[in-house]
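Data from coords-v9.txt: compact mmCIF, C-alpha atoms (C1' of nucleotides)
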```txt
# COMPACT_ATOMS: atom_id res chain seq x y z
CA MET A 28 -59.23 3.82 67.10
CA ARG A 29 -56.45 5.43 69.09
CA ILE A 30 -57.23 8.85 70.57
CA ALA A 31 -54.97 11.11 72.60
CA THR A 32 -55.01 14.43 74.45
CA TRP A 33 -52.00 16.66 75.00
CA ASN A 34 -51.50 20.16 76.41
CA ILE A 35 -48.81 21.11 73.90
CA ASN A 36 -47.87 24.57 75.29
CA SER A 37 -47.49 26.10 71.79
CA LEU A 38 -48.20 24.03 68.70
CA ARG A 39 -45.82 26.13 66.59
CA ALA A 40 -42.95 25.52 68.98
CA ARG A 41 -43.59 21.77 69.04
CA MET A 42 -44.96 20.80 65.63
CA ASP A 43 -42.04 18.40 65.14
CA ARG A 44 -42.84 16.67 68.41
CA VAL A 45 -46.51 16.38 67.44
CA LEU A 46 -45.67 14.80 64.09
CA ALA A 47 -43.22 12.38 65.70
CA PHE A 48 -45.74 11.51 68.42
CA LEU A 49 -48.53 10.79 65.92
CA GLU A 50 -46.23 8.54 63.92
CA ARG A 51 -44.56 6.83 66.87
CA HIS A 52 -47.85 5.78 68.46
CA ASP A 53 -49.98 5.46 65.33
CA VAL A 54 -52.50 7.98 66.73
CA ASP A 55 -55.79 8.49 64.86
CA VAL A 56 -57.17 11.49 66.73
CA LEU A 57 -55.25 14.02 68.82
CA ALA A 58 -56.83 16.77 70.92
CA LEU A 59 -54.48 19.63 71.74
CA GLN A 60 -54.68 22.40 74.30
CA GLU A 61 -52.66 25.60 74.73
CA THR A 62 -51.91 25.77 71.03
CA LYS A 63 -51.04 29.45 71.61
CA ALA A 64 -51.87 30.34 68.04
CA LYS A 65 -54.63 31.79 65.95
CA PRO A 66 -55.68 29.29 63.24
CA GLN A 67 -54.23 31.49 60.50
CA GLN A 68 -50.82 31.40 62.21
CA LEU A 69 -50.53 27.62 61.91
CA ASP A 70 -48.67 25.90 59.10
CA LEU A 71 -50.57 22.62 58.76
CA THR A 72 -48.78 21.38 55.64
CA ALA A 73 -46.80 18.62 57.32
CA LEU A 74 -49.82 17.35 59.25
CA GLN A 75 -51.92 17.28 56.09
CA GLU A 76 -49.17 15.49 54.18
CA ALA A 77 -49.21 12.89 56.96
CA GLY A 78 -52.91 12.32 56.26
CA TYR A 79 -54.53 14.36 59.01
CA GLU A 80 -57.36 16.86 58.94
CA VAL A 81 -57.05 19.71 61.41
CA ALA A 82 -59.50 22.06 63.08
CA ALA A 83 -58.07 24.82 65.24
CA HIS A 84 -59.64 27.41 67.52
CA GLY A 85 -57.58 30.20 69.00
CA LEU A 86 -57.85 33.88 69.71
CA ASN A 87 -54.75 34.82 71.64
CA GLN A 88 -51.35 33.61 72.77
CA TRP A 89 -52.38 31.20 75.51
CA ASN A 90 -55.62 29.30 75.34
CA GLY A 91 -56.16 27.81 71.89
CA VAL A 92 -57.39 24.25 71.25
CA ALA A 93 -57.21 21.97 68.22
CA LEU A 94 -58.37 18.59 66.89
CA ILE A 95 -56.23 16.50 64.56
CA SER A 96 -57.80 13.44 62.90
CA ARG A 97 -56.99 10.96 60.15
CA VAL A 98 -60.35 9.16 60.48
CA GLY A 99 -62.57 12.03 59.40
CA LEU A 100 -63.48 15.28 61.09
CA SER A 101 -66.92 16.80 60.71
CA ASP A 102 -69.56 18.83 62.52
CA VAL A 103 -66.85 20.90 64.15
CA ARG A 104 -68.14 23.10 66.97
CA THR A 105 -66.02 25.81 68.52
CA GLU A 106 -68.05 26.41 71.63
CA LEU A 107 -70.15 24.41 74.01
CA PRO A 108 -73.71 25.77 74.12
CA ALA A 109 -74.51 27.97 77.09
CA LEU A 110 -70.89 28.18 78.11
CA PRO A 111 -70.15 31.14 80.36
CA LEU A 112 -67.68 33.57 78.89
CA TRP A 113 -64.65 35.37 80.20
CA PRO A 114 -64.40 38.27 80.33
CA GLU A 115 -68.09 38.94 80.74
CA ASP A 116 -68.85 39.34 77.14
CA GLU A 117 -69.82 42.61 75.52
CA THR A 118 -68.11 42.11 72.19
CA GLY A 119 -69.38 38.67 71.18
CA VAL A 120 -65.86 37.30 71.44
CA VAL A 121 -65.65 33.96 73.24
CA GLU A 122 -62.62 32.24 74.69
CA ALA A 123 -61.09 29.40 72.70
CA ARG A 124 -61.32 26.69 75.34
CA ALA A 125 -63.43 24.02 73.64
CA LEU A 126 -63.50 22.45 70.21
CA GLY A 127 -65.62 19.42 69.34
CA GLY A 128 -65.89 17.27 66.26
CA LEU A 129 -67.21 13.95 64.96
CA VAL A 130 -64.46 11.46 64.15
CA GLY A 131 -64.43 7.87 62.95
CA ASP A 132 -67.78 6.16 63.23
CA GLY A 133 -69.71 8.83 65.12
CA LEU A 134 -67.46 9.50 68.08
CA ARG A 135 -67.82 13.07 69.29
CA ILE A 136 -64.61 14.22 70.88
CA TRP A 137 -64.20 17.53 72.71
CA SER A 138 -60.77 19.07 73.20
CA LEU A 139 -61.16 21.01 76.45
CA TYR A 140 -58.95 23.53 78.18
CA ILE A 141 -60.60 24.25 81.50
CA PRO A 142 -59.74 27.67 82.97
CA ASN A 143 -56.75 27.66 85.32
CA GLY A 144 -58.47 29.59 88.10
CA ARG A 145 -55.29 31.47 89.08
CA GLU A 146 -56.02 32.00 92.81
CA LEU A 147 -58.85 30.93 95.10
CA ASP A 148 -59.99 34.54 95.50
CA HIS A 149 -59.46 35.53 91.86
CA PRO A 150 -62.43 36.11 89.53
CA HIS A 151 -61.02 33.39 87.26
CA TYR A 152 -61.62 30.84 90.04
CA ASP A 153 -65.37 31.45 89.95
CA TYR A 154 -65.18 31.44 86.16
CA LYS A 155 -63.52 28.01 86.32
CA LEU A 156 -66.32 26.62 88.50
CA ARG A 157 -68.98 28.06 86.20
CA TRP A 158 -67.17 26.63 83.18
CA LEU A 159 -67.11 23.14 84.68
CA GLU A 160 -70.80 23.40 85.60
CA ALA A 161 -71.65 24.36 82.02
CA LEU A 162 -69.64 21.38 80.79
CA ARG A 163 -71.56 19.10 83.16
CA ALA A 164 -74.89 20.50 82.01
CA GLU A 165 -74.05 20.05 78.35
CA GLY A 166 -72.69 16.55 78.96
CA ALA A 167 -75.80 15.58 80.89
CA ARG A 168 -78.05 17.00 78.17
CA GLU A 169 -76.25 14.94 75.53
CA LEU A 170 -76.76 11.68 77.45
CA ALA A 171 -80.36 12.53 78.38
CA GLU A 172 -81.03 12.76 74.67
CA ASP A 173 -79.21 9.51 73.85
CA LEU A 174 -77.69 7.38 76.59
CA SER A 175 -75.71 5.45 73.99
CA ALA A 176 -74.07 8.58 72.55
CA LYS A 177 -70.37 8.12 71.96
CA VAL A 178 -68.82 11.17 73.62
CA ALA A 179 -65.27 11.74 74.88
CA LEU A 180 -64.45 14.80 76.98
CA VAL A 181 -60.68 15.08 76.87
CA GLY A 182 -58.13 17.67 77.80
CA ASP A 183 -56.48 19.69 80.54
CA PHE A 184 -59.05 19.98 83.33
CA ASN A 185 -56.73 21.95 85.63
CA VAL A 186 -58.13 19.94 88.54
CA ALA A 187 -56.36 17.22 90.54
CA PRO A 188 -59.41 15.20 91.67
CA LEU A 189 -57.71 13.15 94.42
CA ASP A 190 -55.04 13.88 97.02
CA GLU A 191 -52.84 11.28 95.33
CA ASP A 192 -52.99 13.32 92.12
CA VAL A 193 -50.45 15.82 93.44
CA TRP A 194 -46.97 15.18 94.78
CA ASP A 195 -47.52 16.95 98.09
CA MET A 196 -50.90 18.07 99.42
CA GLU A 197 -49.20 20.38 101.93
CA PHE A 198 -47.57 22.28 99.08
CA PHE A 199 -50.99 22.84 97.51
CA ASP A 200 -52.68 24.03 100.68
CA GLY A 201 -54.64 27.16 99.80
CA LYS A 202 -53.94 26.77 96.07
CA THR A 203 -56.18 26.03 93.13
CA HIS A 204 -56.53 22.63 91.40
CA VAL A 205 -57.09 20.76 94.69
CA SER A 206 -59.84 22.79 96.37
CA GLU A 207 -63.06 20.99 97.27
CA PRO A 208 -65.32 23.12 95.03
CA GLU A 209 -63.09 22.35 92.02
CA ARG A 210 -63.06 18.66 92.87
CA ALA A 211 -66.83 18.64 93.35
CA ALA A 212 -67.28 20.31 89.96
CA PHE A 213 -65.05 17.68 88.37
CA ARG A 214 -66.92 14.84 90.12
CA ALA A 215 -70.21 16.28 88.87
CA VAL A 216 -69.02 15.82 85.28
CA VAL A 217 -68.06 12.24 86.09
CA ASP A 218 -71.39 11.64 87.84
CA ALA A 219 -73.21 12.95 84.76
CA GLY A 220 -71.94 9.82 83.01
CA TYR A 221 -68.35 10.53 81.98
CA ALA A 222 -65.90 8.19 83.63
CA ASP A 223 -62.13 8.58 83.81
CA VAL A 224 -61.22 5.70 81.50
CA VAL A 225 -57.48 5.78 82.32
CA ARG A 226 -57.27 5.66 86.11
CA GLY A 227 -58.50 2.09 86.42
CA ASP A 228 -55.48 0.73 84.59
CA HIS A 229 -53.10 3.39 85.89
CA PRO A 230 -53.92 4.07 89.52
CA GLY A 231 -51.89 6.48 91.65
CA PRO A 232 -50.20 7.65 93.65
CA GLY A 233 -47.31 8.95 91.60
CA VAL A 234 -49.09 8.82 88.23
CA TYR A 235 -48.98 12.32 86.75
CA THR A 236 -49.59 14.12 83.47
CA TYR A 237 -47.99 17.50 84.28
CA TRP A 238 -44.74 18.61 85.83
CA ASP A 239 -43.81 22.29 86.30
CA TYR A 240 -40.82 23.43 84.25
CA GLN A 241 -39.39 25.00 87.39
CA GLN A 242 -37.65 23.45 90.37
CA LEU A 243 -36.68 20.26 88.49
CA ARG A 244 -40.16 18.92 89.16
CA PHE A 245 -39.98 16.24 86.46
CA PRO A 246 -36.73 14.53 87.50
CA LYS A 247 -37.88 14.86 91.11
CA ARG A 248 -41.13 13.13 90.09
CA GLN A 249 -43.16 15.99 91.57
CA GLY A 250 -46.14 16.26 89.24
CA MET A 251 -49.91 16.49 89.01
CA ARG A 252 -52.57 14.39 87.31
CA ILE A 253 -54.77 17.01 85.67
CA ASP A 254 -55.22 15.74 82.08
CA PHE A 255 -58.06 13.30 81.52
CA VAL A 256 -60.03 11.25 79.02
CA LEU A 257 -63.62 11.07 80.25
CA GLY A 258 -65.92 8.73 78.33
CA SER A 259 -69.68 8.30 78.07
CA PRO A 260 -70.92 4.75 78.83
CA SER A 261 -70.55 3.55 75.25
CA VAL A 262 -67.02 4.96 75.11
CA GLN A 263 -66.09 3.46 78.50
CA SER A 264 -67.15 0.01 77.34
CA ALA A 265 -65.10 0.38 74.15
CA VAL A 266 -61.80 1.07 75.92
CA THR A 267 -59.19 -1.61 75.28
CA GLY A 268 -56.16 0.11 76.79
CA SER A 269 -54.48 3.37 77.74
CA PHE A 270 -51.21 4.94 78.76
CA ILE A 271 -49.59 8.24 79.73
CA ASP A 272 -46.61 8.92 77.47
CA ARG A 273 -44.18 10.07 80.15
CA GLU A 274 -41.30 9.82 77.66
CA GLU A 275 -42.71 12.86 75.87
CA ARG A 276 -41.93 15.03 78.91
CA LYS A 277 -38.21 14.25 78.58
CA GLY A 278 -35.51 16.13 76.72
CA LYS A 279 -35.04 19.61 75.33
CA GLY A 280 -38.16 21.30 74.01
CA ALA A 281 -40.72 19.20 75.89
CA SER A 282 -44.16 20.50 76.81
CA ASP A 283 -44.77 20.61 80.54
CA HIS A 284 -47.61 18.09 80.00
CA ALA A 285 -47.43 14.47 78.81
CA PRO A 286 -49.94 13.04 76.32
CA VAL A 287 -52.68 10.68 77.51
CA VAL A 288 -53.50 7.93 74.99
CA VAL A 289 -56.61 5.70 74.89
CA ASP A 290 -57.47 2.80 72.56
CA LEU A 291 -61.11 2.27 71.61
CA ASP A 292 -62.89 -0.61 69.89
CA LEU A 293 -66.07 1.24 68.97
C1' DA B 22 -35.21 37.17 99.20
C1' DT B 23 -37.15 33.48 96.18
C1' DG B 24 -41.38 32.72 89.42
C1' DG B 25 -35.12 29.62 90.31
C1' DT B 26 -38.91 27.90 83.36
C1' DG B 27 -40.80 28.49 79.20
C1' DG B 28 -43.80 30.60 75.41
C1' DA B 29 -45.59 34.63 72.97
C1' DT B 30 -44.50 39.03 72.33
C1' DT B 31 -41.37 42.76 73.20
C1' DA B 32 -40.99 44.30 79.22
C1' DT B 33 -45.02 41.78 80.50
C1' DC B 34 -48.51 38.38 80.98
C1' DC B 35 -49.71 33.69 81.48
C1' DA B 36 -49.28 28.98 83.18
```

Represent the structure contained in this file as structure tokens.
Amino acid sequence: MRIATWNINSLRARMDRVLAFLERHDVDVLALQETKAKPQQLDLTALQEAGYEVAAHGLNQWNGVALISRVGLSDVRTELPALPLWPEDETGVVEARALGGLVGDGLRIWSLYIPNGRELDHPHYDYKLRWLEALRAEGARELAEDLSAKVALVGDFNVAPLDEDVWDMEFFDGKTHVSEPERAAFRAVVDAGYADVVRGDHPGPGVYTYWDYQQLRFPKRQGMRIDFVLGSPSVQSAVTGSFIDREERKGKGASDHAPVVVDLDL
DNA sequence: ATGGTGGATTATCCA
């Protein structure tokens, strides 16, 4: 089974790229972030004609997530249990930052869009840390129940875990994505049993998944590694290969993120 | 001097 994660920065603006990507790489399951669409705004005809089922979760113009699968899609959940909400919820509305489903032979995959954090002293920064802690707790609970559970936590984590995951640490001094609390929160998810299954075969420095649209960051190779596929032990041991599709960042109409692709022999 | 891109939605917010 070939799974992938991609911050698409508007699914409606890039549906043609998604279809071409799925076909080009023979992808079975694709997790998307920043779909920037409510489910009812999406025209899924072409995806369905290509043999894919789709589940989408979105409430506003920036932080929607989706799962696309041609190997089954069931038990779809639109929120992680006990996930803290932003803004502090009075209406019952929750943010569309997580969407999980069962695909293939019992693999649970979560498409995750971790909060950006904005600034170190912004309320969203604390929200980001709480969100990651809730993800860790839920991930730990899942493995405490069944250590052999096949779980993949994939998506845009908005954290660069190592210094080598950004093009210039001095540039990021005092900024989010590289602060120690964010990195500790990311490591806690890993330590709960969810390993980065890509880094081993694609070590840095200079291996990125995101390049800002501004300042010619992509041609200048000034990027960040912030998109990850984290796998439970049974997923880790099933990995047969992986790659970051840097080509997808090229040309007119590219997302600012590249897809991350992982092959599994479950 | 400096958000110099890009998307969604409409002059502003978000990343």

(request) May I ask which of the residues A:Asn87, A:Asn36, A:Ala93, A:Leu107 is the closest one to DT30 of chain B, counting only C-alpha atoms (C1' of nucleotides)? (result)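 Result for the nearest residue to DT30 of chain B: A:Asn87.
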
(request) Measure the distance from atom CA of Ser261 of chain A to atom CA of Ser175 of chain A in Å and round it to one decimal. (result) 5.6 Å

Residues of chain A that approach chain B to 10 Å or less, counting only C-alpha atoms (C1' of nucleotides): could you list each one with the shortest pair of atoms and its distance in Å to one decimal, rows by chain and increasing residue number, as JSON lines?
```
{"residue": "A:Asn36", "atom": "CA", "partner": "B:DG28", "partner_atom": "C1'", "distance": 7.3}
{"residue": "A:Ser37", "atom": "CA", "partner": "B:DG28", "partner_atom": "C1'", "distance": 6.9}
{"residue": "A:Ala40", "atom": "CA", "partner": "B:DG28", "partner_atom": "C1'", "distance": 8.2}
{"residue": "A:Glu61", "atom": "CA", "partner": "B:DA36", "partner_atom": "C1'", "distance": 9.7}
{"residue": "A:Lys63", "atom": "CA", "partner": "B:DA29", "partner_atom": "C1'", "distance": 7.6}
{"residue": "A:Ala64", "atom": "CA", "partner": "B:DA29", "partner_atom": "C1'", "distance": 9.1}
{"residue": "A:Asn87", "atom": "CA", "partner": "B:DA29", "partner_atom": "C1'", "distance": 9.3}
{"residue": "A:Gln88", "atom": "CA", "partner": "B:DA29", "partner_atom": "C1'", "distance": 5.9}
{"residue": "A:Trp89", "atom": "CA", "partner": "B:DC35", "partner_atom": "C1'", "distance": 7.0}
{"residue": "A:Asn90", "atom": "CA", "partner": "B:DC35", "partner_atom": "C1'", "distance": 9.6}
{"residue": "A:Asn143", "atom": "CA", "partner": "B:DA36", "partner_atom": "C1'", "distance": 7.9}
{"residue": "A:Arg145", "atom": "CA", "partner": "B:DA36", "partner_atom": "C1'", "distance": 8.8}
{"residue": "A:Asp239", "atom": "CA", "partner": "B:DT26", "partner_atom": "C1'", "distance": 8.0}
{"residue": "A:Tyr240", "atom": "CA", "partner": "B:DT26", "partner_atom": "C1'", "distance": 4.9}
{"residue": "A:Gln241", "atom": "CA", "partner": "B:DT26", "partner_atom": "C1'", "distance": 5.0}
{"residue": "A:Gln242", "atom": "CA", "partner": "B:DG25", "partner_atom": "C1'", "distance": 6.7}
{"residue": "A:Leu243", "atom": "CA", "partner": "B:DT26", "partner_atom": "C1'", "distance": 9.5}
{"residue": "A:Gly280", "atom": "CA", "partner": "B:DG27", "partner_atom": "C1'", "distance": 9.3}
{"residue": "A:Ala281", "atom": "CA", "partner": "B:DG27", "partner_atom": "C1'", "distance": 9.9}
{"residue": "A:Ser282", "atom": "CA", "partner": "B:DG27", "partner_atom": "C1'", "distance": 9.0}
{"residue": "A:Asp283", "atom": "CA", "partner": "B:DG27", "partner_atom": "C1'", "distance": 8.9}
```

(request) Please measure the separation of atom CA of Lys155 of chain A and atom CA of Leu134 of chain A, giving the value in Å to one decimal. (result)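 Separation between atom CA of Lys155 of chain A and atom CA of Leu134 of chain A: 26.3 Å.
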
(message) Which residue is closest to Ile253 of chain A? Choose from A:Val181, A:Leu174, A:Ala167, A:Leu100 and count only C-alpha atoms.
(response)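 Looking at the shortest contact to Ile253 of chain A, the residue is A:Val181.
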